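Engineer: Structure file work05.cif (mmCIF, C-alpha atoms) is given on the next line.
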data_protein
loop_
_atom_site.group_PDB
_atom_site.id
_atom_site.type_symbol
_atom_site.label_atom_id
_atom_site.label_comp_id
_atom_site.auth_asym_id
_atom_site.auth_seq_id
_atom_site.Cartn_x
_atom_site.Cartn_y
_atom_site.Cartn_z
ATOM 1 C CA MET Y 30 -65.413 -18.178 26.332
ATOM 2 C CA LYS Y 31 -67.395 -15.006 25.596
ATOM 3 C CA THR Y 32 -69.005 -15.080 29.063
ATOM 4 C CA LYS Y 33 -65.603 -15.567 30.699
ATOM 5 C CA ARG Y 34 -64.131 -12.608 28.780
ATOM 6 C CA THR Y 35 -67.105 -10.419 29.745
ATOM 7 C CA PHE Y 36 -66.746 -11.279 33.439
ATOM 8 C CA LEU Y 37 -62.976 -10.722 33.315
ATOM 9 C CA GLY Y 38 -63.467 -7.358 31.610
ATOM 10 C CA LEU Y 39 -65.963 -6.209 34.273
ATOM 11 C CA PHE Y 40 -63.697 -7.372 37.092
ATOM 12 C CA MET Y 41 -60.660 -5.586 35.640
ATOM 13 C CA ALA Y 42 -62.719 -2.425 35.039
ATOM 14 C CA PHE Y 43 -63.611 -2.492 38.753
ATOM 15 C CA LEU Y 44 -59.942 -2.782 39.676
ATOM 16 C CA LEU Y 45 -59.055 0.109 37.375
ATOM 17 C CA SER Y 46 -61.734 2.271 38.997
ATOM 18 C CA PHE Y 47 -60.338 1.421 42.426
ATOM 19 C CA TYR Y 48 -56.762 2.288 41.448
ATOM 20 C CA GLN Y 49 -57.801 5.574 39.822
ATOM 21 C CA GLU Y 50 -59.734 6.651 42.913
ATOM 22 C CA SER Y 51 -57.000 5.561 45.316
ATOM 23 C CA PHE Y 52 -54.046 7.027 43.419
ATOM 24 C CA CYS Y 53 -55.424 10.223 41.908
ATOM 25 C CA GLN Y 54 -52.128 12.090 41.426
ATOM 26 C CA ASN Y 55 -51.628 10.710 37.931
ATOM 27 C CA GLN Y 56 -51.976 13.153 35.034
ATOM 28 C CA TYR Y 57 -54.494 12.411 32.257
ATOM 29 C CA LEU Y 58 -54.924 13.472 28.638
ATOM 30 C CA TYR Y 59 -57.937 12.291 26.596
ATOM 31 C CA ASP Y 60 -58.636 10.045 29.613
ATOM 32 C CA GLY Y 61 -55.317 8.217 29.220
ATOM 33 C CA ILE Y 62 -52.585 8.398 31.880
ATOM 34 C CA VAL Y 63 -49.661 10.423 30.537
ATOM 35 C CA ARG Y 64 -47.697 11.163 33.695
ATOM 36 C CA GLY Y 65 -47.379 10.025 37.277
ATOM 37 C CA ASP Y 66 -47.263 12.096 40.452
ATOM 38 C CA LYS Y 67 -45.449 15.409 39.826
ATOM 39 C CA SER Y 68 -44.486 15.645 43.495
ATOM 40 C CA LYS Y 69 -42.327 12.512 43.346
ATOM 41 C CA LYS Y 70 -38.858 12.481 41.806
ATOM 42 C CA GLN Y 71 -39.544 9.321 39.853
ATOM 43 C CA VAL Y 72 -39.449 8.449 36.154
ATOM 44 C CA SER Y 73 -40.277 5.294 34.225
ATOM 45 C CA LEU Y 74 -38.710 4.009 31.009
ATOM 46 C CA VAL Y 75 -41.079 2.648 28.361
ATOM 47 C CA LEU Y 76 -40.138 1.006 25.062
ATOM 48 C CA THR Y 77 -42.392 0.048 22.176
ATOM 49 C CA GLY Y 78 -41.901 -2.367 19.294
ATOM 50 C CA HIS Y 79 -43.672 -3.442 16.120
ATOM 51 C CA GLU Y 80 -41.402 -4.224 13.147
ATOM 52 C CA PHE Y 81 -37.897 -3.741 14.529
ATOM 53 C CA ALA Y 82 -35.929 -4.894 17.560
ATOM 54 C CA GLU Y 83 -32.267 -4.417 16.679
ATOM 55 C CA GLY Y 84 -31.629 -2.506 19.906
ATOM 56 C CA GLY Y 85 -33.314 -5.046 22.161
ATOM 57 C CA TRP Y 86 -30.338 -6.966 23.483
ATOM 58 C CA ASP Y 87 -28.205 -3.859 24.066
ATOM 59 C CA ILE Y 88 -31.114 -2.185 25.858
ATOM 60 C CA LEU Y 89 -31.684 -5.236 28.052
ATOM 61 C CA LYS Y 90 -27.974 -5.457 28.867
ATOM 62 C CA THR Y 91 -27.917 -1.777 29.884
ATOM 63 C CA LEU Y 92 -30.989 -2.160 32.083
ATOM 64 C CA GLU Y 93 -29.561 -5.202 33.851
ATOM 65 C CA LYS Y 94 -26.167 -3.564 34.362
ATOM 66 C CA ASN Y 95 -27.826 -0.555 35.993
ATOM 67 C CA LYS Y 96 -30.435 -2.580 37.914
ATOM 68 C CA VAL Y 97 -33.307 -0.728 36.242
ATOM 69 C CA LYS Y 98 -36.721 -2.183 35.409
ATOM 70 C CA ALA Y 99 -38.481 -0.930 32.269
ATOM 71 C CA SER Y 100 -41.787 -1.577 30.491
ATOM 72 C CA PHE Y 101 -41.993 -3.034 26.989
ATOM 73 C CA PHE Y 102 -45.128 -2.649 24.864
ATOM 74 C CA PHE Y 103 -45.201 -4.827 21.760
ATOM 75 C CA THR Y 104 -47.740 -5.443 19.020
ATOM 76 C CA GLY Y 105 -49.191 -8.859 18.306
ATOM 77 C CA ASP Y 106 -47.077 -8.954 15.156
ATOM 78 C CA PHE Y 107 -43.992 -8.383 17.306
ATOM 79 C CA TYR Y 108 -44.953 -11.165 19.734
ATOM 80 C CA ARG Y 109 -45.596 -13.633 16.889
ATOM 81 C CA ASN Y 110 -42.324 -12.823 15.105
ATOM 82 C CA HIS Y 111 -40.107 -15.870 15.727
ATOM 83 C CA GLU Y 112 -36.975 -13.746 15.403
ATOM 84 C CA PHE Y 113 -37.975 -11.846 18.545
ATOM 85 C CA GLU Y 114 -38.966 -14.811 20.738
ATOM 86 C CA LYS Y 115 -35.678 -15.146 22.609
ATOM 87 C CA LEU Y 116 -35.619 -11.409 23.334
ATOM 88 C CA ILE Y 117 -39.189 -11.427 24.655
ATOM 89 C CA LYS Y 118 -38.466 -14.411 26.893
ATOM 90 C CA ALA Y 119 -35.312 -12.703 28.210
ATOM 91 C CA ILE Y 120 -37.252 -9.511 28.963
ATOM 92 C CA LYS Y 121 -39.817 -11.538 30.902
ATOM 93 C CA TYR Y 122 -37.151 -13.603 32.669
ATOM 94 C CA HIS Y 123 -35.469 -10.447 33.982
ATOM 95 C CA GLY Y 124 -38.711 -9.153 35.442
ATOM 96 C CA HIS Y 125 -39.569 -6.297 33.105
ATOM 97 C CA PHE Y 126 -43.182 -5.407 32.335
ATOM 98 C CA LEU Y 127 -44.569 -6.695 29.037
ATOM 99 C CA GLY Y 128 -47.691 -5.053 27.647
ATOM 100 C CA ALA Y 129 -49.877 -4.590 24.582
ATOM 101 C CA HIS Y 130 -49.424 -2.092 21.744
ATOM 102 C CA SER Y 131 -52.318 -3.326 19.499
ATOM 103 C CA ASP Y 132 -52.170 -6.383 17.278
ATOM 104 C CA LYS Y 133 -51.603 -4.802 13.855
ATOM 105 C CA HIS Y 134 -50.434 -1.284 14.813
ATOM 106 C CA LEU Y 135 -53.602 0.368 13.543
ATOM 107 C CA LEU Y 136 -54.094 4.109 13.257
ATOM 108 C CA TYR Y 137 -57.153 4.906 15.367
ATOM 109 C CA CYS Y 138 -57.803 8.560 14.558
ATOM 110 C CA SER Y 139 -57.313 10.936 11.661
ATOM 111 C CA TRP Y 140 -54.086 12.943 11.843
ATOM 112 C CA GLU Y 141 -56.026 15.974 10.618
ATOM 113 C CA ASP Y 142 -58.896 15.635 13.112
ATOM 114 C CA ARG Y 143 -58.236 13.654 16.270
ATOM 115 C CA SER Y 144 -61.953 13.335 16.996
ATOM 116 C CA GLN Y 145 -62.517 11.442 13.729
ATOM 117 C CA LEU Y 146 -62.202 7.703 14.326
ATOM 118 C CA LEU Y 147 -60.865 5.461 11.569
ATOM 119 C CA LEU Y 148 -62.307 2.221 12.981
ATOM 120 C CA ASP Y 149 -65.330 0.998 14.904
ATOM 121 C CA ARG Y 150 -65.463 -0.439 18.417
ATOM 122 C CA TYR Y 151 -65.613 -4.057 17.237
ATOM 123 C CA THR Y 152 -62.465 -3.680 15.104
ATOM 124 C CA PHE Y 153 -60.636 -1.931 17.939
ATOM 125 C CA SER Y 154 -61.647 -4.527 20.521
ATOM 126 C CA LYS Y 155 -60.827 -7.528 18.353
ATOM 127 C CA ASP Y 156 -57.428 -6.092 17.444
ATOM 128 C CA LEU Y 157 -56.503 -5.400 21.067
ATOM 129 C CA LEU Y 158 -57.731 -8.776 22.337
ATOM 130 C CA ASP Y 159 -55.826 -10.504 19.516
ATOM 131 C CA ASN Y 160 -52.711 -8.775 20.860
ATOM 132 C CA TYR Y 161 -53.368 -10.230 24.303
ATOM 133 C CA GLU Y 162 -54.029 -13.677 22.857
ATOM 134 C CA GLU Y 163 -50.580 -13.620 21.290
ATOM 135 C CA MET Y 164 -49.058 -12.582 24.620
ATOM 136 C CA LYS Y 165 -50.493 -15.686 26.297
ATOM 137 C CA ARG Y 166 -47.922 -17.800 24.446
ATOM 138 C CA PHE Y 167 -45.327 -16.162 26.700
ATOM 139 C CA GLY Y 168 -47.332 -16.710 29.880
ATOM 140 C CA ILE Y 169 -48.551 -13.108 29.997
ATOM 141 C CA GLU Y 170 -52.149 -13.011 31.245
ATOM 142 C CA GLN Y 171 -54.517 -10.070 30.801
ATOM 143 C CA GLU Y 172 -55.134 -9.533 34.506
ATOM 144 C CA ASN Y 173 -51.391 -9.124 35.142
ATOM 145 C CA THR Y 174 -50.748 -6.531 32.445
ATOM 146 C CA ILE Y 175 -53.584 -4.001 32.453
ATOM 147 C CA TYR Y 176 -51.653 -1.107 30.908
ATOM 148 C CA PHE Y 177 -52.101 -0.600 27.174
ATOM 149 C CA LEU Y 178 -50.070 1.826 25.056
ATOM 150 C CA PRO Y 179 -51.828 2.771 21.774
ATOM 151 C CA PRO Y 180 -50.110 2.430 18.385
ATOM 152 C CA TYR Y 181 -48.534 5.624 17.050
ATOM 153 C CA GLU Y 182 -49.039 6.897 20.632
ATOM 154 C CA TYR Y 183 -52.203 8.477 19.213
ATOM 155 C CA TYR Y 184 -55.770 8.159 20.487
ATOM 156 C CA ASN Y 185 -58.807 10.094 21.698
ATOM 157 C CA GLU Y 186 -61.386 9.905 24.507
ATOM 158 C CA ARG Y 187 -63.439 7.260 22.726
ATOM 159 C CA ILE Y 188 -60.428 4.945 22.420
ATOM 160 C CA SER Y 189 -59.734 5.418 26.141
ATOM 161 C CA GLU Y 190 -63.373 4.610 26.894
ATOM 162 C CA TRP Y 191 -63.309 1.435 24.819
ATOM 163 C CA THR Y 192 -60.033 0.416 26.472
ATOM 164 C CA THR Y 193 -61.510 0.827 29.958
ATOM 165 C CA LYS Y 194 -64.617 -1.179 29.047
ATOM 166 C CA LEU Y 195 -62.339 -4.056 28.052
ATOM 167 C CA GLY Y 196 -60.764 -3.874 31.511
ATOM 168 C CA PHE Y 197 -57.492 -2.166 30.601
ATOM 169 C CA GLN Y 198 -55.920 1.234 31.285
ATOM 170 C CA LEU Y 199 -54.622 3.317 28.389
ATOM 171 C CA ILE Y 200 -51.333 5.104 29.001
ATOM 172 C CA ASN Y 201 -49.055 7.268 26.880
ATOM 173 C CA PHE Y 202 -45.725 9.082 27.082
ATOM 174 C CA SER Y 203 -45.246 12.378 28.925
ATOM 175 C CA SER Y 204 -45.006 15.254 26.465
ATOM 176 C CA GLY Y 205 -42.244 17.850 26.551
ATOM 177 C CA THR Y 206 -39.187 15.904 25.458
ATOM 178 C CA ARG Y 207 -38.425 14.392 22.032
ATOM 179 C CA THR Y 208 -37.550 10.811 23.007
ATOM 180 C CA GLN Y 209 -40.564 9.410 21.143
ATOM 181 C CA ALA Y 210 -39.084 10.808 17.887
ATOM 182 C CA ASP Y 211 -36.123 8.413 17.999
ATOM 183 C CA TYR Y 212 -37.727 6.487 15.094
ATOM 184 C CA THR Y 213 -37.268 9.372 12.624
ATOM 185 C CA GLU Y 214 -34.823 8.978 9.759
ATOM 186 C CA PRO Y 215 -32.856 11.593 7.785
ATOM 187 C CA SER Y 216 -35.289 11.630 4.850
ATOM 188 C CA MET Y 217 -38.157 12.753 7.123
ATOM 189 C CA SER Y 218 -38.998 16.431 7.611
ATOM 190 C CA ASN Y 219 -39.334 15.853 11.381
ATOM 191 C CA TYR Y 220 -35.976 14.097 11.718
ATOM 192 C CA ILE Y 221 -34.159 14.788 14.952
ATOM 193 C CA SER Y 222 -30.720 13.535 15.948
ATOM 194 C CA SER Y 223 -30.012 11.545 19.096
ATOM 195 C CA LYS Y 224 -27.970 14.469 20.453
ATOM 196 C CA GLU Y 225 -30.970 16.777 20.050
ATOM 197 C CA ILE Y 226 -33.283 14.206 21.623
ATOM 198 C CA TYR Y 227 -30.981 13.841 24.616
ATOM 199 C CA GLU Y 228 -30.662 17.597 25.039
ATOM 200 C CA SER Y 229 -34.445 18.026 24.870
ATOM 201 C CA ILE Y 230 -34.809 15.965 28.048
ATOM 202 C CA TRP Y 231 -32.573 18.209 30.089
ATOM 203 C CA GLU Y 232 -33.873 21.426 28.546
ATOM 204 C CA TYR Y 233 -37.355 20.440 29.708
ATOM 205 C CA GLU Y 234 -36.054 19.389 33.117
ATOM 206 C CA GLU Y 235 -34.337 22.743 33.621
ATOM 207 C CA LYS Y 236 -37.251 24.924 32.493
ATOM 208 C CA ASN Y 237 -40.045 23.261 34.473
ATOM 209 C CA PRO Y 238 -40.503 23.526 38.274
ATOM 210 C CA GLU Y 239 -41.424 19.834 38.615
ATOM 211 C CA GLY Y 240 -38.624 18.802 36.291
ATOM 212 C CA LEU Y 241 -39.155 15.240 35.059
ATOM 213 C CA ASN Y 242 -41.122 14.168 38.125
ATOM 214 C CA GLY Y 243 -43.619 11.436 37.224
ATOM 215 C CA PHE Y 244 -42.370 11.271 33.638
ATOM 216 C CA ILE Y 245 -43.043 8.363 31.291
ATOM 217 C CA LEU Y 246 -40.060 8.460 28.923
ATOM 218 C CA LEU Y 247 -40.799 6.553 25.736
ATOM 219 C CA MET Y 248 -38.400 5.264 23.098
ATOM 220 C CA HIS Y 249 -38.353 2.393 20.610
ATOM 221 C CA VAL Y 250 -36.711 -1.011 20.956
ATOM 222 C CA GLY Y 251 -35.749 -0.854 17.277
ATOM 223 C CA VAL Y 252 -36.033 1.687 14.463
ATOM 224 C CA GLY Y 253 -34.689 -0.059 11.368
ATOM 225 C CA GLU Y 254 -31.579 0.389 9.262
ATOM 226 C CA LYS Y 255 -32.516 3.741 7.693
ATOM 227 C CA ARG Y 256 -31.651 5.471 10.959
ATOM 228 C CA THR Y 257 -28.048 4.811 11.908
ATOM 229 C CA ASP Y 258 -28.034 7.324 14.775
ATOM 230 C CA LYS Y 259 -29.708 5.076 17.357
ATOM 231 C CA PHE Y 260 -30.960 6.863 20.462
ATOM 232 C CA TYR Y 261 -30.951 3.679 22.526
ATOM 233 C CA ASN Y 262 -27.147 3.921 22.432
ATOM 234 C CA CYS Y 263 -27.580 6.956 24.707
ATOM 235 C CA LEU Y 264 -29.463 4.885 27.302
ATOM 236 C CA PRO Y 265 -26.415 4.263 29.579
ATOM 237 C CA GLN Y 266 -25.675 7.994 29.638
ATOM 238 C CA LEU Y 267 -29.347 8.841 30.225
ATOM 239 C CA ILE Y 268 -29.718 6.419 33.133
ATOM 240 C CA ASP Y 269 -26.520 7.656 34.731
ATOM 241 C CA ARG Y 270 -27.565 11.306 34.530
ATOM 242 C CA LEU Y 271 -31.077 10.623 35.789
ATOM 243 C CA LYS Y 272 -29.658 8.876 38.847
ATOM 244 C CA LYS Y 273 -27.081 11.612 39.477
ATOM 245 C CA SER Y 274 -29.879 14.184 39.219
ATOM 246 C CA GLY Y 275 -31.711 12.438 42.039
ATOM 247 C CA TYR Y 276 -34.379 10.608 40.040
ATOM 248 C CA GLN Y 277 -35.534 7.115 40.908
ATOM 249 C CA ILE Y 278 -36.089 5.022 37.787
ATOM 250 C CA VAL Y 279 -39.029 2.890 38.800
ATOM 251 C CA PRO Y 280 -41.322 0.293 37.204
ATOM 252 C CA LEU Y 281 -44.457 1.675 35.574
ATOM 253 C CA GLU Y 282 -46.676 0.060 38.215
ATOM 254 C CA THR Y 283 -44.773 1.946 40.927
ATOM 255 C CA LEU Y 284 -44.883 5.248 39.044
ATOM 256 C CA LEU Y 285 -48.630 5.055 38.470
ATOM 257 C CA GLY Y 286 -49.489 3.895 41.949
ATOM 258 C CA LYS Y 287 -50.200 0.175 41.629
ATOM 259 C CA GLN Y 288 -48.453 -1.408 44.601
#
If you took the structure in this file and wrote it as structure tokens, what would it be?

Structural biologist:
Amino acid sequence: MKTKRTFLGLFMAFLLSFYQESFCQNQYLYDGIVRGDKSKKQVSLVLTGHEFAEGGWDILKTLEKNKVKASFFFTGDFYRNHEFEKLIKAIKYHGHFLGAHSDKHLLYCSWEDRSQLLLDRYTFSKDLLDNYEEMKRFGIEQENTIYFLPPYEYYNERISEWTTKLGFQLINFSSGTRTQADYTEPSMSNYISSKEIYESIWEYEEKNPEGLNGFILLMHVGVGEKRTDKFYNCLPQLIDRLKKSGYQIVPLETLLGKQ
């Protein structure tokens, strides 16, 4: 088993190297892909999940109604939660990408000093591979889902390096908008309303020459009951405006160059 994993990791690392050399227009931060080609009027929708999924069915319904494919990154705990099984199977059935978000949603680096790791390579690797093991129950194989989105959307170069050596590609959201803050609740100092989140997208689009070209827009599939102002309720409006503004909403593999 160990030999098979080692061979698979080396093979997938080779594929990643090929894709990175062939499609070099992607934007990187700490060696993770954070944006696609700025010259193409394309965006991709990404959703993460760990504890909550109350928006899942509404999100899926909106995506299907608008004929949009999105990417869902879930933790191992999310995949093993029996309450979420039907949702996960429906997401897969409708052809959306399903990826890894770590097994236990670990914090990799210190908030005060990003260069300071809070875990060793063995712990990181085991946690990520445990996530993929849980995904196998849904027929999701490692070689078909190479993109990995780190927990807390927080990482450094070492985490990217370890990810690549396992045969995966670390990605993250495109900075500039506030969509990733849709988890905040009123008691938090960084709380932001859904109206403000929505407006931040178009403020960025207006102020920047490339607009949202190549953007990875991230939000959460569920945020819990403490936040009643759910941003995923704005998804129909967001999709409609993106399309009217001339953006193609494409799968992550298309955005990042994997054909």

Engineer: Taking only residues of range 147-201 of chain Y that have an atom at most 8 Å from an atom of range 128-140 of chain Y, what is each one's shortest atom pair and its distance in Å to one decimal, using only C-alpha atoms, in chain and number order, as a Markdown table?

Structural biologist:
| residue | atom | partner | partner_atom | distance |
| --- | --- | --- | --- | --- |
| Y:Leu147 | CA | Y:Cys138 | CA | 5.3 |
| Y:Leu148 | CA | Y:Tyr137 | CA | 6.3 |
| Y:Asp156 | CA | Y:Asp132 | CA | 5.3 |
| Y:Leu157 | CA | Y:Ser131 | CA | 4.9 |
| Y:Leu158 | CA | Y:Asp132 | CA | 7.9 |
| Y:Asp159 | CA | Y:Asp132 | CA | 5.9 |
| Y:Asn160 | CA | Y:Asp132 | CA | 4.3 |
| Y:Tyr161 | CA | Y:Ala129 | CA | 6.6 |
| Y:Thr174 | CA | Y:Gly128 | CA | 5.9 |
| Y:Ile175 | CA | Y:Gly128 | CA | 7.7 |
| Y:Tyr176 | CA | Y:Gly128 | CA | 6.5 |
| Y:Phe177 | CA | Y:Ala129 | CA | 5.3 |
| Y:Leu178 | CA | Y:His130 | CA | 5.2 |
| Y:Pro179 | CA | Y:His130 | CA | 5.4 |
| Y:Pro180 | CA | Y:His134 | CA | 5.2 |
| Y:Tyr181 | CA | Y:Leu136 | CA | 6.9 |
| Y:Tyr183 | CA | Y:Tyr137 | CA | 7.2 |
| Y:Tyr184 | CA | Y:Tyr137 | CA | 6.2 |
| Y:Asn185 | CA | Y:Cys138 | CA | 7.4 |
| Y:Ile188 | CA | Y:Tyr137 | CA | 7.8 |

Engineer: Per residue of range 195-267 of chain Y within 7 Å of range 58-75 of chain Y, note the shortest atom pair and the distance in Å to one decimal, counting all atoms listed in the file, and order the rows by chain and increasing residue number, as CSV.

Structural biologist:
residue,atom,partner,partner_atom,distance
Y:Leu199,CA,Y:Gly61,CA,5.0
Y:Ile200,CA,Y:Ile62,CA,4.6
Y:Asn201,CA,Y:Val63,CA,4.9
Y:Phe202,CA,Y:Val63,CA,5.4
Y:Ser203,CA,Y:Val63,CA,5.1
Y:Glu239,CA,Y:Lys67,CA,6.1
Y:Leu241,CA,Y:Val72,CA,6.9
Y:Asn242,CA,Y:Lys70,CA,4.6
Y:Gly243,CA,Y:Gly65,CA,4.0
Y:Phe244,CA,Y:Val72,CA,4.8
Y:Ile245,CA,Y:Ser73,CA,5.1
Y:Leu246,CA,Y:Leu74,CA,5.1
Y:Leu247,CA,Y:Val75,CA,4.7
Y:Met248,CA,Y:Val75,CA,6.5

Engineer: The selected residues should be written to file as a PDB file, keeping the file's coordinate frame (atoms: C-alpha atoms).

Structural biologist:
ATOM      1  CA  LEU Y 199     -54.622   3.317  28.389  1.00  0.00           C
ATOM      2  CA  ILE Y 200     -51.333   5.104  29.001  1.00  0.00           C
ATOM      3  CA  ASN Y 201     -49.055   7.268  26.880  1.00  0.00           C
ATOM      4  CA  PHE Y 202     -45.725   9.082  27.082  1.00  0.00           C
ATOM      5  CA  SER Y 203     -45.246  12.378  28.925  1.00  0.00           C
ATOM      6  CA  GLU Y 239     -41.424  19.834  38.615  1.00  0.00           C
ATOM      7  CA  LEU Y 241     -39.155  15.240  35.059  1.00  0.00           C
ATOM      8  CA  ASN Y 242     -41.122  14.168  38.125  1.00  0.00           C
ATOM      9  CA  GLY Y 243     -43.619  11.436  37.224  1.00  0.00           C
ATOM     10  CA  PHE Y 244     -42.370  11.271  33.638  1.00  0.00           C
ATOM     11  CA  ILE Y 245     -43.043   8.363  31.291  1.00  0.00           C
ATOM     12  CA  LEU Y 246     -40.060   8.460  28.923  1.00  0.00           C
ATOM     13  CA  LEU Y 247     -40.799   6.553  25.736  1.00  0.00           C
ATOM     14  CA  MET Y 248     -38.400   5.264  23.098  1.00  0.00           C
TER      15      MET Y 248
END

Engineer: Excluding Met164 in chain Y and residues on its chain fewer than 5 positions from it, collect all residues at most 8 Å away from it, counting all atoms listed in the file, and give them as a list in words.

Structural biologist: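 The residues satisfying every condition are Gly105, Tyr108, Ile169 and Glu170 of chain Y.
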
Engineer: Hey, which of Y:Phe103, Y:Ala210, Y:Asn262, Y:Ser223 ends up closest to Lys90 in chain Y? Count all atoms listed in the file.

Structural biologist: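 For Lys90 in chain Y, the nearest of the given residues is Y:Asn262.
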
Engineer: Convert the output of the PyMOL selection byres ((chain Y and resi 277-283) around 7) on the shown file into explicit residues, formatted as a PyMOL selection string.

Structural biologist: chain Y and resi 70-73+97-100+272+275-276+284-288

Engineer: Record the distance separating CA of Gln145 in chain Y and CA of Glu186 in chain Y, expressed in Å with one decimal.

Structural biologist: 10.9 Å

Engineer: To one decimal in Å, tell me the separation between CA of His249 in chain Y and CA of Glu83 in chain Y.

Structural biologist: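 Separating CA of His249 in chain Y from CA of Glu83 in chain Y is a distance of 9.9 Å.
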
Engineer: Could you check how far CA of Ile221 in chain Y sits from CA of Arg207 in chain Y, in Å to one decimal?

Structural biologist: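 It comes out at 8.3 Å.
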
Engineer: Which of these residues is nearest to Glu112 in chain Y, using all atoms listed in the file: Y:Lys273, Y:Ala82, Y:Asn237, Y:His125?

Structural biologist: Y:Ala82

Engineer: Pick out the closest residue to Leu127 in chain Y from this set: Y:Ser216, Y:Gln209, Y:Ser204, Y:Lys165. Count only C-alpha atoms.

Structural biologist: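 Smallest separation from Leu127 in chain Y among the options: Y:Lys165.
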
Engineer: I'd like to know which of Y:Ser218, Y:Asn110, Y:Asn173, Y:Ser189 is closest to Arg150 in chain Y, using only C-alpha atoms.

Structural biologist: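 Closest candidate: Y:Ser189.
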
Engineer: Where does the PyMOL selection byres ((chain Y and resi 118) around 12) land in this file, that is, which residues does it pick, as a list in words?

Structural biologist: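 For this structure, the PyMOL selection byres ((chain Y and resi 118) around 12) resolves to Gly85, Trp86, Leu89, Phe101, Tyr108, His111, Glu112, Phe113, Glu114, Lys115, Leu116, Ile117, Ala119, Ile120, Lys121, Tyr122, His123, Gly124, His125, Phe126, Leu127, Met164, Arg166, Phe167, Gly168 and Ile169 of chain Y.
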
Engineer: Compile the contact shell of Glu254 in chain Y as an MDAnalysis selection string: residues with an atom at most 12 Å away, counting all atoms listed in the file, same-chain residues fewer than 3 positions apart removed.

Structural biologist: chainID Y and resid 80:84 212:215 251 257:259

Engineer: Using all atoms listed in the file, find the one residue out of Y:Thr192, Y:Gln54, Y:Gln171, Y:Thr208 that sits nearest to Thr77 in chain Y.

Structural biologist: Y:Thr208

Engineer: Out of Y:Leu195, Y:Leu267, Y:Val250, Y:Thr152, which residue has the shortest atom-to-atom distance to Ser229 in chain Y when counting all atoms listed in the file?

Structural biologist: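 Counting all atoms listed in the file, the residue closest to Ser229 in chain Y is Y:Leu267.
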